[in-house]
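File shown: upload-v6.cif (mmCIF, C-alpha atoms).
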data_protein
loop_
_atom_site.label_atom_id
_atom_site.label_comp_id
_atom_site.auth_asym_id
_atom_site.auth_seq_id
_atom_site.Cartn_x
_atom_site.Cartn_y
_atom_site.Cartn_z
CA MET V 15 202.86 48.36 139.44
CA ALA V 16 206.29 47.05 140.43
CA ASN V 17 207.92 44.73 137.90
CA PHE V 18 209.08 41.16 138.50
CA ASN V 19 212.70 42.04 139.33
CA VAL V 20 211.65 44.64 141.90
CA HIS V 21 209.34 42.16 143.61
CA LEU V 22 211.97 39.41 143.57
CA ASN V 23 214.84 41.55 144.86
CA THR V 24 212.75 43.24 147.55
CA ALA V 25 211.42 39.90 148.76
CA ILE V 26 214.93 38.46 148.89
CA ILE V 27 216.23 41.42 150.93
CA THR V 28 213.34 41.81 153.39
CA THR V 29 212.71 38.14 154.11
CA GLY V 30 216.46 37.49 154.23
CA LEU V 31 216.77 40.12 156.95
CA GLY V 32 213.82 38.56 158.76
CA SER V 33 215.29 35.06 158.76
CA ALA V 34 218.72 36.42 159.75
CA THR V 35 217.14 38.20 162.71
CA LEU V 36 215.49 35.00 163.93
CA LEU V 37 218.78 33.16 163.45
CA SER V 38 220.66 35.79 165.48
CA ALA V 39 218.14 35.37 168.30
CA GLU V 40 218.70 31.59 168.14
CA HIS V 41 215.02 30.95 167.48
CA ILE V 42 216.00 28.85 164.44
CA ASP V 43 219.05 27.10 163.06
CA LEU V 44 220.82 27.85 159.76
CA ASN V 45 218.88 25.26 157.72
CA SER V 46 215.57 26.62 159.00
CA ALA V 47 216.69 30.19 158.26
CA LEU V 48 217.48 29.29 154.65
CA TRP V 49 214.14 27.51 154.24
CA LEU V 50 212.22 30.47 155.70
CA TRP V 51 214.15 32.78 153.38
CA PHE V 52 213.09 30.65 150.43
CA LEU V 53 209.44 30.64 151.57
CA GLY V 54 209.50 34.40 152.11
CA THR V 55 210.87 34.93 148.61
CA MET V 56 208.11 32.72 147.22
CA GLY V 57 205.58 34.72 149.21
CA GLY V 58 206.96 37.86 147.63
CA LEU V 59 206.10 36.47 144.19
CA LEU V 60 202.89 34.68 145.19
CA PRO V 61 200.27 37.35 144.30
CA ASP V 62 201.55 37.42 140.70
CA ILE V 63 200.57 33.78 140.26
CA ASP V 64 197.61 35.23 138.35
CA SER V 65 199.91 37.29 136.13
CA ASP V 66 199.49 37.34 132.36
CA ASN V 67 203.26 37.77 132.00
CA SER V 68 204.71 34.43 130.91
CA THR V 69 208.10 35.09 132.57
CA SER V 70 206.57 35.74 135.98
CA LEU V 71 204.20 32.83 135.65
CA ASP V 72 206.95 30.45 134.57
CA MET V 73 209.16 31.40 137.49
CA ILE V 74 206.39 31.19 140.08
CA PHE V 75 204.96 27.86 138.93
CA ASN V 76 208.44 26.36 138.61
CA LEU V 77 209.10 27.33 142.23
CA PHE V 78 205.77 25.89 143.33
CA ALA V 79 206.41 22.70 141.40
CA LEU V 80 209.86 22.42 142.98
CA SER V 81 208.37 22.93 146.44
CA ALA V 82 205.75 20.26 145.80
CA VAL V 83 208.45 17.84 144.66
CA LEU V 84 210.53 18.55 147.79
CA ILE V 85 207.50 17.96 150.01
CA VAL V 86 206.76 14.64 148.29
CA LEU V 87 210.39 13.57 148.56
CA SER V 88 210.44 14.51 152.23
CA PHE V 89 207.32 12.46 152.87
CA LEU V 90 208.60 9.47 150.92
CA THR V 91 212.00 9.38 152.58
CA THR V 92 210.63 9.75 156.11
CA ASN V 93 207.48 7.64 155.95
CA LEU V 94 207.35 5.25 152.98
CA LEU V 95 210.97 4.45 152.16
CA ILE V 96 210.67 0.77 153.09
CA GLN V 97 207.46 0.25 151.12
CA ILE V 98 208.43 1.71 147.75
CA SER V 99 211.15 1.05 145.22
CA PHE V 100 213.91 3.34 144.00
CA ILE V 101 212.10 3.78 140.66
CA GLU V 102 208.95 4.93 142.45
CA ILE V 103 210.93 7.48 144.47
CA ILE V 104 212.00 9.03 141.15
CA LEU V 105 208.70 8.56 139.33
CA LEU V 106 206.31 10.00 141.93
CA PRO V 107 208.01 13.43 142.21
CA LEU V 108 208.13 13.56 138.40
CA ILE V 109 204.38 12.95 138.25
CA VAL V 110 203.83 15.70 140.83
CA TYR V 111 205.93 18.16 138.82
CA CYS V 112 204.12 17.37 135.56
CA PHE V 113 200.74 17.72 137.28
CA MET V 114 201.67 21.13 138.71
CA ARG V 115 203.25 22.37 135.50
CA TYR V 116 200.99 21.05 132.76
CA ILE V 117 197.59 20.46 134.40
CA LEU V 118 197.20 22.77 137.39
CA ARG V 119 198.82 25.78 135.74
CA PRO V 120 196.53 25.91 132.65
CA ILE V 121 193.48 25.55 134.90
CA PHE V 122 194.74 28.33 137.15
CA GLU V 123 195.45 30.61 134.18
CA LYS V 124 191.91 30.12 132.94
CA ILE V 125 190.07 30.86 136.18
CA THR V 126 192.17 33.78 137.50
CA VAL V 127 192.35 37.44 136.54
CA HIS V 128 195.41 39.58 137.25
CA ARG V 129 195.01 41.70 140.38
CA GLY V 130 191.92 39.72 141.28
CA SER V 131 191.56 37.35 144.22
CA CYS V 132 195.29 36.60 144.42
CA HIS V 133 196.02 40.25 145.16
CA SER V 134 194.10 40.25 148.44
CA LEU V 135 194.70 39.80 152.15
CA PHE V 136 192.31 36.84 152.28
CA PHE V 137 194.33 34.97 149.67
CA LEU V 138 197.61 35.64 151.51
CA LEU V 139 196.08 34.53 154.81
CA PHE V 140 194.79 31.34 153.22
CA SER V 141 198.20 30.63 151.66
CA ALA V 142 199.97 31.27 154.97
CA LEU V 143 197.63 29.02 156.95
CA LEU V 144 197.88 26.28 154.33
CA THR V 145 201.69 26.45 154.46
CA THR V 146 201.53 26.29 158.26
CA GLN V 147 199.32 23.23 158.16
CA ILE V 148 201.43 21.39 155.56
CA THR V 149 204.62 22.10 157.54
CA TRP V 150 202.90 20.98 160.74
CA GLN V 151 201.76 17.72 159.16
CA LEU V 152 205.20 16.94 157.74
CA ASN V 153 206.94 17.32 161.10
CA GLU V 154 206.61 15.81 164.56
CA GLN V 155 203.43 17.53 165.69
CA GLU V 156 203.91 16.94 169.41
CA THR V 157 207.04 19.09 169.68
CA LEU V 158 207.13 22.81 170.43
CA THR V 159 209.88 23.32 167.86
CA SER V 160 207.68 21.84 165.15
CA ALA V 161 204.76 24.13 165.98
CA THR V 162 207.04 27.17 166.03
CA PHE V 163 208.60 26.28 162.69
CA ALA V 164 205.17 25.64 161.15
CA TRP V 165 203.89 29.07 162.17
CA LEU V 166 207.11 30.74 161.04
CA SER V 167 206.79 29.03 157.65
CA GLY V 168 203.29 30.39 157.18
CA GLY V 169 204.36 33.74 158.60
CA PHE V 170 207.11 34.17 156.03
CA ILE V 171 204.69 33.41 153.19
CA LEU V 172 202.39 36.09 154.60
CA PHE V 173 205.26 38.54 155.15
CA GLY V 174 206.57 38.15 151.61
CA GLY V 175 203.09 38.51 150.17
CA LEU V 176 202.39 41.69 152.14
CA VAL V 177 205.64 43.19 150.88
CA HIS V 178 204.48 42.43 147.33
CA LEU V 179 201.09 44.11 147.79
CA LEU V 180 202.64 47.15 149.48
CA LEU V 181 205.10 47.54 146.61
CA ASP V 182 202.27 47.43 144.08
CA GLU V 183 200.42 50.16 145.95
CA MET V 184 203.55 52.28 146.31
CA TYR V 185 204.13 52.07 142.56
CA SER V 186 200.55 53.23 142.03
CA VAL V 187 201.48 56.65 143.37
CA ASP V 188 203.31 58.88 140.90
CA LEU V 189 205.28 61.19 143.19
CA SER V 190 206.84 63.14 140.33
CA ASN V 191 203.46 64.36 139.13
CA ILE V 192 201.88 64.13 142.59
CA ARG V 193 199.01 61.99 141.38
CA ILE V 194 197.50 58.61 142.12
CA LYS V 195 197.25 56.14 139.27
CA ARG V 196 194.07 54.22 138.45
CA SER V 197 195.66 51.00 139.69
CA PHE V 198 195.80 52.33 143.27
CA GLY V 199 193.78 50.13 145.63
CA THR V 200 193.64 47.12 143.33
CA ALA V 201 196.49 45.25 145.07
CA LEU V 202 196.19 45.77 148.83
CA LYS V 203 192.55 44.87 149.36
CA LEU V 204 190.74 42.59 151.78
CA ALA V 205 189.21 40.38 149.08
CA ASP V 206 188.01 40.41 145.49
CA PHE V 207 184.32 40.95 146.12
CA ASN V 208 183.64 40.92 142.38
CA ASN V 209 184.10 37.15 142.64
CA LYS V 210 181.76 36.45 145.55
CA LEU V 211 181.81 32.66 145.21
CA LEU V 212 185.60 32.42 145.33
CA THR V 213 185.69 34.86 148.24
CA LEU V 214 183.18 32.74 150.16
CA ILE V 215 185.17 29.57 149.49
CA THR V 216 188.35 31.32 150.68
CA ILE V 217 186.68 32.45 153.91
CA ILE V 218 185.41 28.92 154.61
CA ALA V 219 188.87 27.49 153.90
CA ILE V 220 190.50 30.03 156.23
CA ALA V 221 188.05 29.16 159.01
CA GLY V 222 188.77 25.45 158.56
CA LEU V 223 192.54 25.97 158.60
CA VAL V 224 192.31 28.12 161.74
CA TYR V 225 190.28 25.38 163.44
CA ILE V 226 192.91 22.68 162.79
CA ALA V 227 195.95 24.97 163.14
CA PRO V 228 198.88 24.11 165.43
CA PRO V 229 198.85 25.47 169.02
CA THR V 230 199.97 29.08 169.41
CA ASN V 231 200.43 29.81 173.13
CA GLU V 232 203.80 28.10 173.49
CA VAL V 233 204.95 29.50 170.15
CA ILE V 234 204.22 33.08 171.25
CA ILE V 235 206.11 32.52 174.50
CA ALA V 236 209.10 31.02 172.66
CA LEU V 237 209.32 33.85 170.10
CA SER V 238 208.91 36.55 172.76
CA ASP V 239 212.35 35.75 174.21
CA TRP V 240 214.95 37.90 172.45
CA SER V 241 217.58 37.76 175.18
CA LYS V 242 219.96 35.86 172.88
CA PHE V 243 219.63 38.31 170.00
CA LYS V 244 223.02 39.48 168.74
CA LEU V 245 223.43 42.45 166.42
CA TYR V 246 226.63 42.03 164.44
CA ALA V 247 228.17 45.30 163.26
CA LEU V 248 230.85 45.70 160.63
CA ASN V 249 233.91 47.57 161.87
CA PHE V 250 235.65 49.68 159.25
CA THR V 251 239.12 51.08 159.70
CA VAL V 252 240.46 53.99 157.76
#

Transcribe the structure of this file into structure tokens.
Amino acid sequence: MANFNVHLNTAIITTGLGSATLLSAEHIDLNSALWLWFLGTMGGLLPDIDSDNSTSLDMIFNLFALSAVLIVLSFLTTNLLIQISFIEIILLPLIVYCFMRYILRPIFEKITVHRGSCHSLFFLLFSALLTTQITWQLNEQETLTSATFAWLSGGFILFGGLVHLLLDEMYSVDLSNIRIKRSFGTALKLADFNNKLLTLITIIAIAGLVYIAPPTNEVIIALSDWSKFKLYALNFTV
């Protein structure tokens, strides 16, 4: 199994290249590229949210708490700024952070098992669709740009998560001794069928998120145009 630093660095490199590619093709602007890079990095750590390692868990939940605070702040400043006071703008994100850090985390630690449901394709798909829906709801839903950005946000969560699972499986193969470790197959799996109830709930949630998901036809057309893609090469002189 790959360690935390390997997952973090690989996620940073791969999703950074992905966002840079979209930026070069002028599908997104610089701010969007940085946000997608951040989401992809989070996706690269996401499966280890069920980790027993306190360092990994601290980092991941701190990132999630920060994201939740940013979402709340974005909603407050764009929708409710006239109706609430300055104190409430500070207090509400603080409440969200404390809830994520000191209530949701202990519950999550209790009900999850490492390399269980969180190390599965169903969990990644659910997380990606949920991210897509949240991004879609927080932006102007009638615009094509908003739908494209929403799907890209979910896509980068999925991309980062897949990189994580692939790394875990690669580290389950000991090439020096030409053998496969017992952990092989525990990361990149469709679902954790040992927990049938949670798997069923995940499938239902995925179906619901697909039903209310943003439109895709225009997004596919927009992202299929790579005529503006520019590959920048470094020129070295001796």

Among listed residues V:Tyr185, V:Phe18, V:Tyr116, V:Trp150, nearest Pro229 of chain V (using only C-alpha atoms):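 Of V:Tyr185, V:Phe18, V:Tyr116, V:Trp150, the one nearest Pro229 of chain V is V:Trp150, counting only C-alpha atoms.
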
Expected selection from the PyMOL selection byres ((chain V and resi 114) around 9), given as number ranges by chain: V: 75-76, 78-79, 82, 109-113, 115-119

Determine, counting all atoms listed in the file, every residue of protein, DNA or RNA that lies within 10 Å of (206.9, 28.2, 167.1) in the file coordinates, then give the result as a PDB file with C-alpha atoms, in the coordinates of the input.
ATOM      1  CA  HIS V  41     215.020  30.950 167.480  1.00  0.00           C
ATOM      2  CA  ILE V  42     216.000  28.850 164.440  1.00  0.00           C
ATOM      3  CA  THR V 157     207.040  19.090 169.680  1.00  0.00           C
ATOM      4  CA  LEU V 158     207.130  22.810 170.430  1.00  0.00           C
ATOM      5  CA  THR V 159     209.880  23.320 167.860  1.00  0.00           C
ATOM      6  CA  SER V 160     207.680  21.840 165.150  1.00  0.00           C
ATOM      7  CA  ALA V 161     204.760  24.130 165.980  1.00  0.00           C
ATOM      8  CA  THR V 162     207.040  27.170 166.030  1.00  0.00           C
ATOM      9  CA  PHE V 163     208.600  26.280 162.690  1.00  0.00           C
ATOM     10  CA  ALA V 164     205.170  25.640 161.150  1.00  0.00           C
ATOM     11  CA  TRP V 165     203.890  29.070 162.170  1.00  0.00           C
ATOM     12  CA  LEU V 166     207.110  30.740 161.040  1.00  0.00           C
ATOM     13  CA  SER V 167     206.790  29.030 157.650  1.00  0.00           C
ATOM     14  CA  PRO V 228     198.880  24.110 165.430  1.00  0.00           C
ATOM     15  CA  PRO V 229     198.850  25.470 169.020  1.00  0.00           C
ATOM     16  CA  THR V 230     199.970  29.080 169.410  1.00  0.00           C
ATOM     17  CA  ASN V 231     200.430  29.810 173.130  1.00  0.00           C
ATOM     18  CA  GLU V 232     203.800  28.100 173.490  1.00  0.00           C
ATOM     19  CA  VAL V 233     204.950  29.500 170.150  1.00  0.00           C
ATOM     20  CA  ILE V 234     204.220  33.080 171.250  1.00  0.00           C
ATOM     21  CA  ILE V 235     206.110  32.520 174.500  1.00  0.00           C
ATOM     22  CA  ALA V 236     209.100  31.020 172.660  1.00  0.00           C
ATOM     23  CA  LEU V 237     209.320  33.850 170.100  1.00  0.00           C
TER      24      LEU V 237
END

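Once the PyMOL selection byres ((chain V and resi 60) around 9) is applied to this file, the selection holds Thr55, Met56, Gly57, Gly58, Leu59, Pro61, Asp62, Ile63, Asp64, Ile74, Cys132, His133, Leu138, Ser141, Ile171, Gly174, Gly175 and His178 of chain V.
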
Hey, what's within 12 Å of Val20 of chain V if we count only C-alpha atoms and toss same-chain stuff fewer than 4 positions away? As a PDB file with C-alpha atoms, in the frame of the given file, please?
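Output below, filename selection_18.pdb:
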ATOM      1  CA  MET V  15     202.860  48.360 139.440  1.00  0.00           C
ATOM      2  CA  ALA V  16     206.290  47.050 140.430  1.00  0.00           C
ATOM      3  CA  THR V  24     212.750  43.240 147.550  1.00  0.00           C
ATOM      4  CA  ALA V  25     211.420  39.900 148.760  1.00  0.00           C
ATOM      5  CA  ILE V  26     214.930  38.460 148.890  1.00  0.00           C
ATOM      6  CA  ILE V  27     216.230  41.420 150.930  1.00  0.00           C
ATOM      7  CA  THR V  28     213.340  41.810 153.390  1.00  0.00           C
ATOM      8  CA  THR V  55     210.870  34.930 148.610  1.00  0.00           C
ATOM      9  CA  GLY V  58     206.960  37.860 147.630  1.00  0.00           C
ATOM     10  CA  LEU V  59     206.100  36.470 144.190  1.00  0.00           C
ATOM     11  CA  SER V  70     206.570  35.740 135.980  1.00  0.00           C
ATOM     12  CA  VAL V 177     205.640  43.190 150.880  1.00  0.00           C
ATOM     13  CA  HIS V 178     204.480  42.430 147.330  1.00  0.00           C
ATOM     14  CA  LEU V 181     205.100  47.540 146.610  1.00  0.00           C
ATOM     15  CA  ASP V 182     202.270  47.430 144.080  1.00  0.00           C
ATOM     16  CA  MET V 184     203.550  52.280 146.310  1.00  0.00           C
ATOM     17  CA  TYR V 185     204.130  52.070 142.560  1.00  0.00           C
TER      18      TYR V 185
END

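Take the candidates V:Leu84, V:Ala227, V:His21, V:Trp240 and check each one against Leu108 of chain V using only C-alpha atoms; the shortest distance goes to V:Leu84.
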
Interatomic distance (Å, one decimal) between atom CA of Ser33 of chain V and atom CA of Leu172 of chain V: 13.6 Å

Selection: 7 Å around segment 201-213 of chain V, only C-alpha atoms, excl. self and same-chain fewer than 6 positions, as a list of chain:residue names: V:Arg129, V:Gly130, V:Ser131, V:His133, V:Ser134, V:Leu135, V:Phe136, V:Leu179, V:Leu180, V:Asp182, V:Glu183

Contacts of Gly222 of chain V within 12 Å, only C-alpha atoms, excl. fewer than 4 positions in-chain, as a PyMOL selection string: chain V and resi 140+143-144+147+215-218+226-227

Picked residues, the PyMOL selection byres ((chain V and resi 244) around 12), as a ChimeraX atom specification: /V:34-41,240-243,245-247

Pairwise distance for atom CA of Ile121 of chain V and atom CA of Leu214 of chain V, rounded to one decimal in Å: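 Distance between the two atoms: 19.8 Å.
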
Atomic separation - atom CA of Phe52 of chain V relative to atom CA of Phe170 of chain V, Å: 8.9 Å

Pick from V:Asp43, V:Gly168, V:Leu80, V:Leu106, whichever lies nearest to Thr146 of chain V using all atoms listed in the file: V:Gly168

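Among the candidates V:Ile220, V:Leu50, V:Leu105, V:Ile85, the one nearest to Asn153 of chain V when counting all atoms listed in the file is V:Ile85.
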